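Structure file start11.txt with compact mmCIF, C-alpha atoms:
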```txt
# COMPACT_ATOMS: atom_id res chain seq x y z
CA MET G 781 -66.94 -28.58 94.07
CA GLU G 782 -66.91 -30.91 97.07
CA GLY G 783 -64.85 -33.67 98.68
CA PRO G 784 -61.20 -34.29 97.76
CA GLY G 785 -61.41 -31.85 94.82
CA ARG G 786 -62.29 -29.03 97.16
CA LEU G 787 -59.41 -29.95 99.46
CA THR G 788 -56.99 -29.79 96.53
CA VAL G 789 -58.25 -26.38 95.50
CA ASP G 790 -57.99 -25.11 99.07
CA ARG G 791 -54.40 -26.36 99.24
CA LEU G 792 -53.63 -24.68 95.91
CA LEU G 793 -55.07 -21.42 97.16
CA HIS G 794 -53.00 -21.61 100.36
CA ILE G 795 -49.86 -22.20 98.34
CA LEU G 796 -50.79 -19.26 96.11
CA THR G 797 -51.35 -17.05 99.17
CA ILE G 798 -47.94 -17.95 100.59
CA SER G 799 -46.29 -17.43 97.18
CA ALA G 800 -47.96 -14.04 96.70
CA VAL G 801 -46.94 -12.88 100.20
CA ALA G 802 -43.40 -14.16 99.59
CA LEU G 803 -43.28 -12.30 96.25
CA ILE G 804 -44.44 -9.06 97.90
CA ALA G 805 -41.88 -9.48 100.70
CA LEU G 806 -39.11 -10.28 98.21
CA THR G 807 -39.98 -7.28 96.04
CA LEU G 808 -40.15 -4.89 99.01
CA GLY G 809 -36.92 -6.27 100.45
CA THR G 810 -35.12 -5.88 97.13
CA LEU G 811 -36.52 -2.39 96.78
CA ARG G 812 -35.27 -1.52 100.26
CA ARG G 813 -31.76 -2.62 99.29
CA ASP G 814 -32.01 -0.53 96.09
CA HIS G 815 -31.49 -3.58 93.91
CA ILE G 816 -34.51 -2.77 91.76
CA ARG G 817 -36.02 0.56 90.92
CA VAL G 818 -39.50 1.51 92.14
CA GLU G 819 -40.91 1.85 88.60
CA TYR G 820 -39.89 -1.70 87.74
CA SER G 821 -41.21 -3.17 91.01
CA VAL G 822 -44.76 -1.96 90.35
CA SER G 823 -45.52 -4.82 87.93
CA TRP G 824 -44.41 -7.45 90.42
CA LEU G 825 -46.29 -5.86 93.33
CA ALA G 826 -49.48 -5.42 91.29
CA GLY G 827 -49.27 -9.03 90.05
CA ALA G 828 -48.68 -10.34 93.57
CA VAL G 829 -51.61 -8.33 94.96
CA VAL G 830 -53.94 -9.71 92.26
CA LEU G 831 -52.83 -13.25 93.06
CA LEU G 832 -53.16 -12.65 96.79
CA GLY G 833 -56.69 -11.24 96.38
CA LEU G 834 -57.71 -14.17 94.19
CA SER G 835 -56.25 -16.74 96.56
CA ARG G 836 -58.22 -15.32 99.49
CA SER G 837 -61.51 -15.10 97.65
CA ARG G 838 -62.68 -18.53 96.63
CA GLY G 839 -66.04 -17.14 95.52
CA ALA G 840 -64.37 -14.73 93.11
CA LEU G 841 -62.26 -17.54 91.70
CA GLU G 842 -65.31 -19.73 91.10
CA GLU G 843 -67.12 -16.84 89.47
CA LEU G 844 -64.09 -16.15 87.29
CA SER G 845 -64.00 -19.79 86.32
CA VAL G 846 -67.62 -19.60 85.16
CA ILE G 847 -67.00 -16.32 83.29
CA MET G 848 -64.07 -17.95 81.51
CA GLY G 849 -66.35 -20.78 80.45
CA LEU G 850 -64.44 -23.35 82.47
CA GLY G 851 -67.47 -24.44 84.51
CA SER G 852 -66.54 -25.57 87.97
CA SER G 853 -62.81 -25.82 87.41
CA PRO G 854 -61.21 -23.14 89.60
CA PRO G 855 -57.70 -24.74 89.41
CA LEU G 856 -57.63 -24.26 85.64
CA ALA G 857 -58.89 -20.70 85.94
CA LEU G 858 -56.26 -20.10 88.62
CA ALA G 859 -53.50 -21.50 86.41
CA LEU G 860 -54.62 -19.28 83.52
CA VAL G 861 -54.71 -16.17 85.71
CA VAL G 862 -51.25 -16.88 87.21
CA GLY G 863 -49.88 -17.56 83.73
CA GLY G 864 -51.52 -14.40 82.38
CA VAL G 865 -50.06 -12.25 85.15
CA PHE G 866 -46.56 -13.53 84.47
CA VAL G 867 -46.90 -13.17 80.69
CA ILE G 868 -47.93 -9.52 81.14
CA ILE G 869 -45.03 -8.85 83.49
CA PHE G 870 -42.49 -10.53 81.22
CA PHE G 871 -43.84 -8.70 78.18
CA ARG G 872 -43.58 -5.38 80.00
CA PHE G 873 -39.98 -6.18 80.92
CA THR G 874 -39.18 -7.14 77.33
CA VAL G 875 -40.37 -3.69 76.27
CA ILE G 876 -38.27 -2.07 78.99
CA ILE G 877 -35.17 -4.12 78.13
CA SER G 878 -35.56 -3.27 74.44
CA LYS G 879 -35.71 0.42 75.26
CA LEU G 880 -32.69 0.14 77.54
CA ARG G 881 -30.80 -1.68 74.78
CA ASP G 882 -31.62 1.09 72.29
CA ASP G 883 -30.57 3.76 74.79
CA ASN G 884 -27.41 1.84 75.53
CA VAL G 885 -26.48 1.54 71.84
CA ALA G 886 -27.10 5.24 71.28
CA LEU G 887 -25.03 6.08 74.34
CA ALA G 888 -22.13 3.84 73.25
CA GLN G 889 -22.18 5.40 69.78
CA ARG G 890 -22.18 8.88 71.34
CA VAL G 891 -19.26 8.03 73.62
CA ALA G 892 -17.34 6.68 70.61
CA ALA G 893 -18.05 9.87 68.64
CA LEU G 894 -16.92 12.08 71.53
CA GLU G 895 -13.73 10.05 71.85
CA TYR G 896 -13.21 10.45 68.11
CA TYR G 897 -13.67 14.23 68.33
CA ARG G 898 -11.35 14.43 71.34
CA LYS G 899 -8.61 12.55 69.53
CA ASN G 900 -8.96 14.47 66.28
CA ARG G 901 -9.62 17.88 67.80
CA GLY G 902 -8.89 20.64 65.32
CA ASP G 903 -8.86 18.33 62.31
CA GLU G 904 -12.57 17.67 62.04
CA GLY G 905 -15.24 20.08 60.91
CA ALA G 906 -13.89 20.34 57.37
CA ALA G 907 -17.06 18.75 56.10
CA THR G 908 -19.47 20.82 58.12
CA MET I 1024 -10.73 8.12 41.45
CA VAL I 1025 -12.33 11.44 40.52
CA PRO I 1026 -11.09 14.44 42.52
CA THR I 1027 -13.16 14.56 45.67
CA PRO I 1028 -13.23 17.68 47.85
CA ALA I 1029 -12.35 17.03 51.47
CA GLY I 1030 -15.40 16.26 53.53
CA THR I 1031 -17.41 14.78 50.67
CA LEU I 1032 -16.71 11.08 50.96
CA MET I 1033 -15.97 9.04 54.06
CA ILE I 1034 -14.99 5.39 53.94
CA ILE I 1035 -16.00 3.43 57.00
CA VAL I 1036 -14.50 0.09 57.96
CA PRO I 1037 -16.39 -1.81 60.68
CA ALA I 1038 -13.95 -4.13 62.43
CA TYR I 1039 -14.05 -6.57 65.30
CA ASN I 1040 -10.82 -8.39 66.16
CA GLU I 1041 -9.44 -7.79 62.69
CA ALA I 1042 -5.86 -6.91 63.65
CA GLY I 1043 -4.63 -9.44 61.08
CA ALA I 1044 -6.43 -7.82 58.16
CA VAL I 1045 -7.45 -4.24 58.88
CA GLY I 1046 -3.99 -2.74 58.30
CA ALA I 1047 -3.79 -4.11 54.76
CA VAL I 1048 -7.38 -3.03 54.09
CA VAL I 1049 -6.70 0.56 55.19
CA GLU I 1050 -3.46 0.74 53.22
CA SER I 1051 -5.12 -0.46 50.02
CA ILE I 1052 -7.97 2.01 50.53
CA HIS I 1053 -5.38 4.80 50.70
CA VAL I 1054 -3.89 3.55 47.42
CA GLU I 1055 -7.24 3.35 45.61
CA ALA I 1056 -8.81 6.45 47.14
CA PRO I 1057 -5.99 8.79 48.12
CA GLY I 1058 -6.89 11.71 50.34
CA ILE I 1059 -10.23 10.23 51.39
CA GLN I 1060 -11.07 10.04 55.07
CA VAL I 1061 -10.93 6.43 56.30
CA VAL I 1062 -12.54 5.68 59.65
CA VAL I 1063 -12.22 2.25 61.21
CA ILE I 1064 -15.09 1.61 63.61
CA ASP I 1065 -13.70 -0.67 66.28
CA ASP I 1066 -16.44 -2.78 67.86
CA CYS I 1067 -14.52 -3.10 71.13
CA SER I 1068 -11.95 -5.56 69.83
CA SER I 1069 -9.84 -7.48 72.30
CA ASP I 1070 -6.86 -7.56 69.93
CA SER I 1071 -4.75 -4.72 68.53
CA THR I 1072 -7.21 -3.66 65.81
CA ILE I 1073 -7.13 -0.01 66.92
CA ALA I 1074 -3.34 0.24 66.97
CA VAL I 1075 -2.99 -1.52 63.60
CA ALA I 1076 -5.66 0.68 61.99
CA GLU I 1077 -4.09 3.88 63.33
CA SER I 1078 -0.61 2.92 62.23
CA ALA I 1079 -2.00 2.22 58.75
CA GLY I 1080 -3.26 5.80 58.63
CA ALA I 1081 -6.93 5.45 59.55
CA ARG I 1082 -8.84 7.33 62.16
CA VAL I 1083 -10.63 5.16 64.68
CA LEU I 1084 -14.10 5.41 66.13
CA PRO I 1085 -13.73 3.27 69.26
CA LEU I 1086 -16.98 1.80 70.59
CA PRO I 1087 -16.84 1.37 74.37
CA HIS I 1088 -18.49 -2.04 74.22
CA HIS I 1089 -19.40 -4.60 71.60
CA LEU I 1090 -22.56 -3.60 69.69
CA GLY I 1091 -22.59 -6.06 66.79
CA LEU I 1092 -22.28 -5.22 63.11
CA GLY I 1093 -25.39 -3.05 62.75
CA GLY I 1094 -24.65 -0.87 65.77
CA CYS I 1095 -21.06 -0.58 64.63
CA VAL I 1096 -21.96 0.51 61.08
CA GLN I 1097 -24.61 2.90 62.37
CA ALA I 1098 -22.02 4.56 64.60
CA GLY I 1099 -20.05 5.32 61.43
CA TYR I 1100 -23.13 6.61 59.62
CA LYS I 1101 -23.99 8.88 62.54
CA LEU I 1102 -20.47 10.29 62.65
CA ALA I 1103 -20.39 10.92 58.89
CA PHE I 1104 -23.81 12.57 59.01
CA GLU I 1105 -22.83 14.80 61.93
CA LEU I 1106 -19.68 15.85 60.11
CA GLY I 1107 -21.66 16.75 57.01
CA TYR I 1108 -20.33 14.12 54.62
CA GLN I 1109 -22.31 13.66 51.40
CA TYR I 1110 -21.36 10.04 50.72
CA VAL I 1111 -20.22 7.08 52.77
CA ILE I 1112 -18.84 3.82 51.48
CA ARG I 1113 -18.66 0.87 53.84
CA ILE I 1114 -16.00 -1.74 53.32
CA ASP I 1115 -15.46 -4.67 55.68
CA GLY I 1116 -12.30 -4.93 57.74
CA ASP I 1117 -11.63 -8.59 56.92
CA GLY I 1118 -10.27 -7.91 53.44
CA GLN I 1119 -13.09 -9.58 51.49
CA HIS I 1120 -14.03 -6.34 49.77
CA ASP I 1121 -11.49 -5.14 47.26
CA PRO I 1122 -10.93 -1.37 47.62
CA VAL I 1123 -10.17 -1.20 43.91
CA TYR I 1124 -13.96 -0.94 43.41
CA ILE I 1125 -14.39 2.10 45.65
CA PRO I 1126 -14.07 4.60 42.77
CA ARG I 1127 -16.70 2.64 40.82
CA LEU I 1128 -19.18 2.68 43.71
CA TYR I 1129 -18.52 6.36 44.30
CA ASP I 1130 -18.96 7.29 40.63
CA VAL I 1131 -22.28 5.45 40.40
CA LEU I 1132 -23.47 7.08 43.63
CA ARG I 1133 -22.62 10.56 42.34
CA LYS I 1134 -23.75 10.19 38.76
CA THR I 1135 -27.03 8.31 39.21
CA GLY I 1136 -28.26 10.03 42.36
CA VAL I 1137 -29.46 6.71 43.80
CA GLU I 1138 -29.50 6.49 47.55
CA MET I 1139 -27.53 3.23 47.76
CA VAL I 1140 -25.03 1.36 45.65
CA ILE I 1141 -24.31 -2.28 46.38
CA GLY I 1142 -21.08 -3.96 45.37
CA SER I 1143 -22.47 -7.23 44.05
CA ARG I 1144 -20.74 -10.58 43.61
CA PHE I 1145 -23.38 -11.81 41.22
CA VAL I 1146 -24.03 -9.07 38.67
CA ASP I 1147 -21.35 -10.45 36.35
CA ASN I 1148 -20.73 -13.64 38.31
CA ASN I 1149 -17.53 -12.14 39.59
CA GLY I 1150 -15.20 -14.25 41.78
CA ASN I 1151 -17.73 -15.71 44.16
CA HIS I 1152 -15.92 -16.72 47.34
CA THR I 1153 -18.86 -17.93 49.33
CA THR I 1154 -20.00 -21.23 50.76
CA PHE I 1155 -22.73 -23.47 49.37
CA LEU I 1156 -24.96 -22.79 52.38
CA ARG I 1157 -24.50 -19.07 52.07
CA THR I 1158 -25.34 -19.24 48.37
CA LEU I 1159 -28.55 -21.08 49.27
CA GLY I 1160 -29.33 -18.40 51.85
CA ILE I 1161 -28.74 -15.64 49.31
CA ARG I 1162 -31.09 -17.34 46.82
CA PHE I 1163 -33.72 -17.68 49.53
CA PHE I 1164 -33.53 -14.01 50.47
CA ARG I 1165 -33.58 -12.96 46.82
CA ALA I 1166 -36.93 -14.74 46.53
CA VAL I 1167 -38.21 -13.19 49.76
CA LEU I 1168 -37.15 -9.68 48.82
CA ARG I 1169 -38.36 -9.60 45.22
CA PRO I 1170 -42.07 -8.95 45.98
CA ILE I 1171 -41.20 -6.59 48.83
CA LEU I 1172 -38.79 -4.42 46.87
CA GLY I 1173 -40.80 -4.71 43.66
CA ARG I 1174 -37.60 -5.70 41.84
CA GLY I 1175 -34.83 -8.21 42.05
CA VAL I 1176 -31.63 -7.90 44.05
CA LEU I 1177 -28.77 -10.26 43.27
CA ASP I 1178 -26.57 -9.81 46.32
CA PRO I 1179 -28.75 -8.78 49.26
CA THR I 1180 -26.18 -9.80 51.88
CA SER I 1181 -23.30 -7.74 50.49
CA GLY I 1182 -21.78 -5.39 53.03
CA PHE I 1183 -19.84 -3.48 50.36
CA VAL I 1184 -22.24 -0.56 50.01
CA GLY I 1185 -22.20 3.14 49.39
CA VAL I 1186 -24.91 5.54 50.51
CA ASN I 1187 -25.64 9.19 49.85
CA ARG I 1188 -26.62 11.79 52.42
CA LYS I 1189 -30.36 11.09 52.17
CA ALA I 1190 -29.84 7.44 53.09
CA LEU I 1191 -27.25 8.51 55.64
CA GLU I 1192 -29.84 10.64 57.40
CA VAL I 1193 -32.31 7.75 57.53
CA PHE I 1194 -29.74 5.17 58.64
CA SER I 1195 -28.24 7.43 61.29
CA LYS I 1196 -31.68 7.50 62.92
CA SER I 1197 -32.82 3.94 62.28
CA PHE I 1198 -30.64 1.00 61.37
CA PRO I 1199 -30.93 -2.72 62.13
CA LEU I 1200 -28.59 -3.64 64.96
CA GLU I 1201 -27.78 -7.19 63.88
CA TYR I 1202 -27.31 -8.55 60.35
CA PRO I 1203 -28.21 -5.18 58.82
CA GLU I 1204 -27.76 -5.65 55.07
CA ILE I 1205 -31.07 -7.24 54.13
CA GLU I 1206 -33.21 -5.24 56.53
CA ALA I 1207 -31.53 -2.05 55.32
CA LEU I 1208 -32.91 -2.75 51.84
CA VAL I 1209 -36.44 -2.91 53.24
CA VAL I 1210 -35.82 0.31 55.17
CA LEU I 1211 -34.79 1.90 51.85
CA ARG I 1212 -37.96 0.58 50.23
CA ARG I 1213 -40.05 2.14 53.01
CA LYS I 1214 -38.58 5.49 52.09
CA ASP I 1215 -39.04 4.94 48.34
CA PHE I 1216 -35.26 5.15 47.95
CA ARG I 1217 -33.47 3.56 45.00
CA PHE I 1218 -30.46 1.28 44.81
CA ILE I 1219 -28.19 -0.05 42.09
CA GLU I 1220 -25.94 -3.09 42.12
CA VAL I 1221 -22.54 -2.78 40.52
CA PRO I 1222 -20.29 -5.76 39.77
CA CYS I 1223 -17.48 -6.33 42.23
CA LYS I 1224 -15.18 -9.24 42.93
CA MET I 1225 -15.02 -10.48 46.47
CA ARG I 1226 -11.88 -12.02 47.89
CA LYS I 1227 -11.22 -14.51 50.63
CA ARG I 1228 -10.81 -12.89 54.02
CA ILE I 1229 -7.20 -12.02 54.78
CA ALA I 1230 -7.29 -13.30 58.36
CA GLY I 1231 -9.71 -14.65 60.96
CA ARG I 1232 -12.92 -16.46 60.17
CA SER I 1233 -16.60 -15.68 59.81
CA SER I 1234 -18.60 -15.37 63.00
CA LEU I 1235 -21.54 -17.09 61.28
CA THR I 1236 -21.51 -20.70 62.48
CA SER I 1237 -24.09 -23.30 61.35
CA LEU I 1238 -26.26 -22.68 64.41
CA LYS I 1239 -25.95 -18.94 64.03
CA SER I 1240 -26.98 -19.28 60.37
CA VAL I 1241 -30.36 -20.61 61.46
CA TYR I 1242 -30.71 -17.76 63.95
CA TYR I 1243 -29.62 -15.38 61.18
CA ILE I 1244 -32.39 -16.54 58.84
CA VAL I 1245 -35.10 -16.35 61.53
CA HIS I 1246 -33.85 -12.98 62.77
CA VAL I 1247 -33.64 -11.43 59.32
CA LEU I 1248 -37.03 -12.80 58.25
CA LEU I 1249 -38.60 -11.34 61.37
CA GLY I 1250 -36.82 -8.02 60.78
CA VAL I 1251 -38.02 -7.95 57.17
CA PHE I 1252 -41.56 -8.76 58.26
CA VAL I 1253 -41.57 -6.02 60.91
CA ASN I 1254 -40.23 -3.50 58.41
CA LEU I 1255 -42.87 -4.65 55.97
CA LEU I 1256 -45.55 -3.75 58.48
CA LYS I 1257 -44.18 -0.22 58.49
CA ILE I 1258 -44.37 0.24 54.70
CA ASP I 1259 -47.11 2.74 53.89
CA ARG I 1260 -47.55 1.63 50.31
CA PRO I 1261 -46.32 -1.87 49.45
CA PRO I 1262 -45.31 -2.37 45.79
CA TRP I 1263 -48.19 -4.77 45.12
CA ARG I 1264 -50.69 -1.98 45.85
CA GLY I 1265 -49.25 0.18 43.08
CA ARG I 1266 -47.79 3.65 43.24
CA GLY I 1267 -51.11 5.48 43.04
CA ASP I 1268 -49.80 8.22 40.80
```

Spell out the structure here as structure tokens.
Amino acid sequence: MEGPGRLTVDRLLHILTISAVALIALTLGTLRRDHIRVEYSVSWLAGAVVLLGLSRSRGALEELSVIMGLGSSPPLALALVVGGVFVIIFFRFTVIISKLRDDNVALAQRVAALEYYRKNRGDEGAAT
Amino acid sequence: MVPTPAGTLMIIVPAYNEAGAVGAVVESIHVEAPGIQVVVIDDCSSDSTIAVAESAGARVLPLPHHLGLGGCVQAGYKLAFELGYQYVIRIDGDGQHDPVYIPRLYDVLRKTGVEMVIGSRFVDNNGNHTTFLRTLGIRFFRAVLRPILGRGVLDPTSGFVGVNRKALEVFSKSFPLEYPEIEALVVLRRKDFRFIEVPCKMRKRIAGRSSLTSLKSVYYIVHVLLGVFVNLLKIDRPPWRGRGD
């Protein structure tokens, strides 16, 4: 790719570099303040590193574009990779949230049962 | 009601902001099923549901935050299972289910050995206090469930159900968290459990109004269909493949 098209791609890659660095800084800063847990920051850091690597390696991006069958269209390949990274991260978080929800329900039910036993101490156990 | 040894049958009443109705429900349960343990499961109501239920003579299982109907009912199933109860009958706290049918549900549960008994509005076309849209929804889910269950079910959305200990064990481990009635039938099918519908009249709710708005009805249908589909994926031997014995 040459001419104005190349300039656009270069600009896109610069923006991606800045975004990836900002994402890493944001994640580390939030980690430092204990607002997210280390295990949940890994996805964001890994995604940001992939994007950073890709944005600094134009050759790799062009090769990826060819592998994906997109010919000489690195912006499209870039968009697909960025989208893919975010889809994976969001899916992982959906799994985590679902597990937390299940744990939370089980915990609430347990707390309710303990409160029930506390209130009816001495009366229960007839059935067991 | 047949004499029932203590610790055999528990009646659970899921309730969320039902202070206007739950007292009358508990009192009529005590009339129809004297001596039976009644536990109101309070889904973190903001009104005086707990106080009303306790003053009517029920015990209360107070959830620390709102879980929705499925989580609320499952809390009751878990408690009953832990305490060793053999049978549990669920009756809603809004007064739509008439406790006069509790002995009938219990008798069928005991005598037939089925895992679940459903109090059905449609077996004998008994007093059907439901809206046109809801009736359409029920017909739709009847059609969806027939091939899955390998038999028809007339009132798949009824919450007036009784279960025995085998179903109790399954439901205390795995139970749909939202809109549980229809998915619970598919869970039963997965386990090769049986159910029977017995005729019951439903009444208008004593107080309050249904939480199912028009928009929520659409969400309900999509949610339940997805839940049924997911449960279907877990069935080892769907009815259309035959029993293989």

- Could you check which of G:Ala888, G:Leu894, G:Ile804, G:Leu850 is closest to chain I, using only C-alpha atoms? G:Ala888

- Query: Taking only C-alpha atoms into account, what are the residues of chain I at most 6 Å from chain G, put as a list in words?
  - Reply: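 The contacting residues on chain I are Gly1030, Leu1084, Pro1085, Leu1086, Pro1087, Ala1098, Leu1106, Gly1107 and Tyr1108 of chain I.
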
- Residues near segment 1119-1121 of chain I, cut-off 6 Å, all atoms listed in the file, skip fewer than 6 positions along chain, as an MDAnalysis selection string: chainID I and resid 1225:1228

- Quote the spacing between atom CA of Val830 of chain G and atom CA of Ala800 of chain G in Å to one decimal place.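 Calculated distance between atom CA of Val830 of chain G and atom CA of Ala800 of chain G is 8.6 Å.
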
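Nearest to Phe1183 of chain I of all the residues I:Val1167, I:Ile1052, I:Leu1128, I:Val1063 is I:Leu1128, counting only C-alpha atoms.
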
- Task: Pick out the residues sitting within 9 Å of Gly1136 of chain I, and hand them over as a list in words; count only C-alpha atoms, and ignore anything fewer than 3 positions along from it in its own chain.
- Result: Val1131, Leu1132, Arg1133, Met1139, Asn1187 and Arg1217 of chain I

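The coordinates place atom CA of Val846 of chain G at 22.7 Å from atom CA of Ala828 of chain G.
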
- Query: Just how far from atom CA of Val1140 of chain I is atom CA of Tyr1100 of chain I, in Å to one decimal?
  - Reply: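 The value is 15.0 Å.
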
- Query: Given the choices G:Ser853, G:Leu880, G:Glu843, G:Trp824, which gets closest to Val867 of chain G if the distance is worked out from only C-alpha atoms?
  - Reply: G:Trp824

- Message: I want to know what sits within 10 Å of Leu1092 of chain I, based on all atoms listed in the file, with residues of the same chain fewer than 3 positions away left out; could you give that as an NGL selection string?
- Response: :I and (1037-1039 or 1064 or 1066 or 1089 or 1095-1098 or 1199-1204)

- Which is closer to Val1075 of chain I than all the others in I:Val1176, I:Gly1046, I:Leu1102, I:His1053, using all atoms listed in the file? I:Gly1046

- Counting all atoms listed in the file, closest pick from G:Pro855, G:Leu803, G:Leu834, G:Arg813 relative to Arg791 of chain G is G:Pro855

Report as a compact mmCIF listing (two decimals) with C-alpha atoms, in the coordinates of the input all protein, DNA and RNA residues lying within 12 Å of Val1054 of chain I, evaluated on all atoms listed in the file, omitting residues in the same chain fewer than 6 positions from it.
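Saved result, selection-v8.txt, follows:
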```txt
# COMPACT_ATOMS: atom_id res chain seq x y z
CA MET I 1024 -10.73 8.12 41.45
CA ALA I 1047 -3.79 -4.11 54.76
CA VAL I 1048 -7.38 -3.03 54.09
CA VAL I 1061 -10.93 6.43 56.30
CA ALA I 1079 -2.00 2.22 58.75
CA GLY I 1080 -3.26 5.80 58.63
CA ASP I 1121 -11.49 -5.14 47.26
CA PRO I 1122 -10.93 -1.37 47.62
CA VAL I 1123 -10.17 -1.20 43.91
CA TYR I 1124 -13.96 -0.94 43.41
CA ILE I 1125 -14.39 2.10 45.65
CA PRO I 1126 -14.07 4.60 42.77
```
